[in-house]
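A quick write-up on the structure given underneath.
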Amino acid sequence: MGFEYLYEPFSYGFMLRSLMVAILVGLMLPLLGAYVINRNLGFMGDAIAHASLPALVVGLLIGVNIVIAAIPAAIIIALMIGYLISKSKIGEDTAIGIIFSSLFALGFILLSIFKEVALGVEDLLFGQVLGVSNLDVSITLILSVIVIITLLIFYKQFLFVFFDATGAKVAGLRVKLLDNIFLVVLSLAIIASLQSVGIILVLSMLITPAAAAKLLMKSFHGAMIVGGVFGIIASMSGLYLSYYLNFPSGPSMALAATFIFLIVLILRRTISYNN
Amino acid sequence: MLQKTSNNVCQIVSEGCCVELGNQLVLDDVSFKIKKGTLVGVVGPNGGGKTTLFNTILGLVSITHGSMKIKGLNPDQAKGMIGYVPQREKLNWQFPVTARQVVQMGITSNTSFLPFLSKKDQQLIEESLSKVELLHRIDDRVDEMSGGQRQRVFLARTLAQGAEILLLDEAFSGVDIGSQEKLLDILQNLKDDGNTILMSTHDLNTIGQRFDEVLCLNRHCCAFGDPLKVLTPDVLVELYGSHSSMFKDHTLGKHGHTYGV
């Protein structure tokens, strides 16, 4: 009784597709987020999402699936930013800021030139998970598998390199290569998530569930797993809000994630206060 | 022939080693030989080249002139043979890592994939931590430990790695006197097991009592040898220059205590 609200939406094909994408995105972003929040890479994630806009527009122009069009662009952008960070004398934030704002601007200029591009700007910025096609589901699934397997294989190496880069170098690990592998999977995950959370709110799913999990868990792998669970809860909640209240999916997921974060924060405060 | 044997016993041989960073000559004609099973203190002012010397031994910076041999090998061939305990400021403490995870890093290579550990590896981690007397804290977070305990966890990491040459960068910074003594006791044990240990420090007082040799570094090697013999007032002036008045009465066994306390 009452539970039909939970499963009734999924009698529709489009809702099943949305559900799959939401779960994959909700899991994949916080897993990466566990590393991102501890390395202060949030701004980088935000930048990759924004800077992919021109590629999305070009993809639409030539009639390619926008996710496929954005993948090579995002990888190039991520590696370029990574290179600039290691070389630049103007500071990380500044280097990232210049690249990301100019590419985002270029994207909008392209949109204004090619008016024939039928693109819901709002959907692109804030996400519209209800519109995903079968092809989108397949692409998201493939990208998630790549991201999760990479994280599993390099779990120890990433932890070593990000915690103690010099020590890792001394131990003979290929620190630069591992850094770049991380940036590539980060950009794959961000691109795969653009349709559900949108360019502007990818950051929210990347860092908020991971931050909530960090508050709650003592160990890193524990925080990674719990972050994934929080992410799935947030993205599914966003899906329901989208379906029943017609909210855009990105903002719904973002607020659901923030809600989880606040609950965890209050719980933690209360518990440590009582002890 | 005699020369050759003594070179074999030497773990680290630096001959006229020069290192430039940017346009600056940071190490100038540094020569020394460190024998197996010695505990060497590296002292000198900030910017005197202590960290650069360590980075050279570790193969992280390249040598402009001269040579540096580790067990007869060039530093980049010797990577992995040397255990390194970094300065605490160089670590990203935002990551919540446990003692077990830090020690595990010692056996993490480019080829060891998947997050799971074999029984043998688990055992190695436990043995390494028990050598530094921290087995009981194996699943505690390192960022919540005291400065001295952190250093010991990192020592355990070098032991798990199987390194016989250990480099400790400013291992006493942020470590209270009692914990310093504990750390020195453990270093003494490791030395007795045949390890060669280099530690950079600012604490001249412990050098004479606890170290076999001292390497005084201020861009060039001001002195090297038995601390009781080489830490002369002249060397201290050469090391610390205009601040040397602080050491006016600082002869060994008498640490200038007439000044205060």
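Following the order of the structure tokens, chains are lettered A, B, ..., residues in each are numbered from 1, and ligands are numbered from 1.
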
With a distance threshold of 7 Å and counting only C-alpha atoms, extract the residues of chain A near chain B and express them as a ChimeraX atom specification. /A:38,152-157,160,163-164,167,170-173,219-220

How about saving the chosen residues, N, CA and C atoms kept, as an mmCIF file, in the first residue's frame?
```cif
data_model
loop_
_atom_site.group_PDB
_atom_site.id
_atom_site.type_symbol
_atom_site.label_atom_id
_atom_site.label_comp_id
_atom_site.auth_asym_id
_atom_site.auth_seq_id
_atom_site.Cartn_x
_atom_site.Cartn_y
_atom_site.Cartn_z
ATOM 1 N N ASN A 38 39.499 14.841 -1.477
ATOM 2 C CA ASN A 38 40.734 14.838 -0.689
ATOM 3 C C ASN A 38 41.911 15.460 -1.431
ATOM 4 N N LEU A 152 39.109 0.119 -9.415
ATOM 5 C CA LEU A 152 39.381 -1.106 -8.669
ATOM 6 C C LEU A 152 40.827 -1.557 -8.878
ATOM 7 N N ILE A 153 41.265 -1.518 -10.139
ATOM 8 C CA ILE A 153 42.621 -1.976 -10.459
ATOM 9 C C ILE A 153 43.675 -1.078 -9.809
ATOM 10 N N PHE A 154 43.448 0.223 -9.881
ATOM 11 C CA PHE A 154 44.487 1.147 -9.416
ATOM 12 C C PHE A 154 44.213 1.684 -8.008
ATOM 13 N N TYR A 155 43.334 1.015 -7.271
ATOM 14 C CA TYR A 155 42.959 1.531 -5.956
ATOM 15 C C TYR A 155 44.174 1.847 -5.090
ATOM 16 N N LYS A 156 45.080 0.875 -4.949
ATOM 17 C CA LYS A 156 46.260 1.054 -4.086
ATOM 18 C C LYS A 156 47.195 2.130 -4.645
ATOM 19 N N GLN A 157 47.385 2.089 -5.961
ATOM 20 C CA GLN A 157 48.297 3.040 -6.590
ATOM 21 C C GLN A 157 47.797 4.472 -6.454
ATOM 22 N N PHE A 160 48.258 5.719 -2.905
ATOM 23 C CA PHE A 160 49.676 5.987 -2.624
ATOM 24 C C PHE A 160 50.102 7.313 -3.263
ATOM 25 N N PHE A 163 48.319 10.413 -1.731
ATOM 26 C CA PHE A 163 48.669 10.657 -0.325
ATOM 27 C C PHE A 163 50.125 11.100 -0.220
ATOM 28 N N ASP A 164 50.993 10.488 -0.983
ATOM 29 C CA ASP A 164 52.429 10.720 -0.824
ATOM 30 C C ASP A 164 53.106 10.599 -2.192
ATOM 31 N N GLY A 167 56.928 9.828 -2.115
ATOM 32 C CA GLY A 167 57.150 8.444 -1.703
ATOM 33 C C GLY A 167 56.830 7.485 -2.837
ATOM 34 N N VAL A 170 59.550 7.565 -5.382
ATOM 35 C CA VAL A 170 60.714 6.860 -4.872
ATOM 36 C C VAL A 170 60.508 5.348 -4.961
ATOM 37 N N ALA A 171 59.275 4.903 -4.727
ATOM 38 C CA ALA A 171 58.995 3.470 -4.781
ATOM 39 C C ALA A 171 58.951 2.968 -6.223
ATOM 40 N N GLY A 172 59.120 3.881 -7.183
ATOM 41 C CA GLY A 172 59.172 3.474 -8.583
ATOM 42 C C GLY A 172 57.831 3.507 -9.292
ATOM 43 N N LEU A 173 56.806 4.086 -8.652
ATOM 44 C CA LEU A 173 55.509 4.193 -9.325
ATOM 45 C C LEU A 173 55.553 5.291 -10.377
ATOM 46 N N SER A 219 37.339 4.963 7.478
ATOM 47 C CA SER A 219 38.341 4.503 6.499
ATOM 48 C C SER A 219 38.038 5.044 5.115
ATOM 49 N N PHE A 220 39.069 5.085 4.272
ATOM 50 C CA PHE A 220 38.899 5.626 2.929
ATOM 51 C C PHE A 220 37.998 4.735 2.080
#
```

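Within 9 Å of Leu239 in chain B, once only C-alpha atoms are used and residues closer than 6 positions along the same chain are dropped, the contacting residues are Val43, Gly44, Pro45, Gly48, Cys216, Leu217, Asn218 and Cys222 of chain B.
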
Considering only helix (DSSP H, G or I) as DSSP defines it on the backbone, what residues of range 69-245 of chain B qualify? List them as a PyMOL selection string. chain B and resi 88-90+99-105+119-131+135-137+142-144+147-161+177-192+204-210+227-230+233-245

Any idea what's packed within 9 Å of range 10-16 of chain A, counting only C-alpha atoms, ignoring anything in its chain fewer than 4 positions away? Could you give it as a list in words?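 Listed by chain and then number, they are Leu6, Met20, Val21, Val129, Leu130, Gly131, Val132, Ser133, Asn134, Leu239 and Tyr243 of chain A.
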
Please identify the strand (DSSP E or B) residues within range 27-243 of chain B (assignment by DSSP from backbone atoms) and present them as a ChimeraX atom specification. /B:27-35,39-43,65-70,73,82-85,98,141,165-168,196-200,213-218,220-225

CA of Ile190 in chain A to CA of Ile90 in chain A, distance in Å rounded to a single decimal: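 Here the two named atoms are 25.9 Å from each other.
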
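Taking CA of Ala74 in chain A and CA of Ile48 in chain A as endpoints, the distance between them is 6.2 Å.
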
Quick one: pull the distance between CA of Asp93 in chain A and CA of Asp46 in chain A, Å, one decimal.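 According to the coordinates, CA of Asp93 in chain A and CA of Asp46 in chain A are separated by 11.6 Å.
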
For Gly49 in chain B, list every protein, DNA or RNA residue within 12 Å, evaluated using only C-alpha atoms, and leave out those in the same chain fewer than 6 positions away; present the list as a VMD selection string. chain B and resid 17 to 21 24 to 28 30 42 to 43 55 to 56 169 200 215 to 222 239

Give me the residues near Arg137 in chain B as a PyMOL selection string, where near means some atom within 12 Å (using only C-alpha atoms) and where sequence neighbours in that chain fewer than 3 positions away do not count. chain B and resi 98-101+126+129-130+132-134+140-142+144-146+149-150+152-153

Non-local contacts of Gly22 in chain B (12 Å; only C-alpha atoms; under 5 positions in same chain excluded) as a list of chain:residue names: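 Residues meeting the cut-off are B:Val61, B:Ser62, B:Thr64.
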
Excluding same-chain residues fewer than 4 positions from Leu255 in chain A, what lies within 10 Å of it counting only C-alpha atoms, as a VMD selection string? chain A and resid 201 204 to 205 208 234 to 235 237 to 238 250 to 251 259 to 261
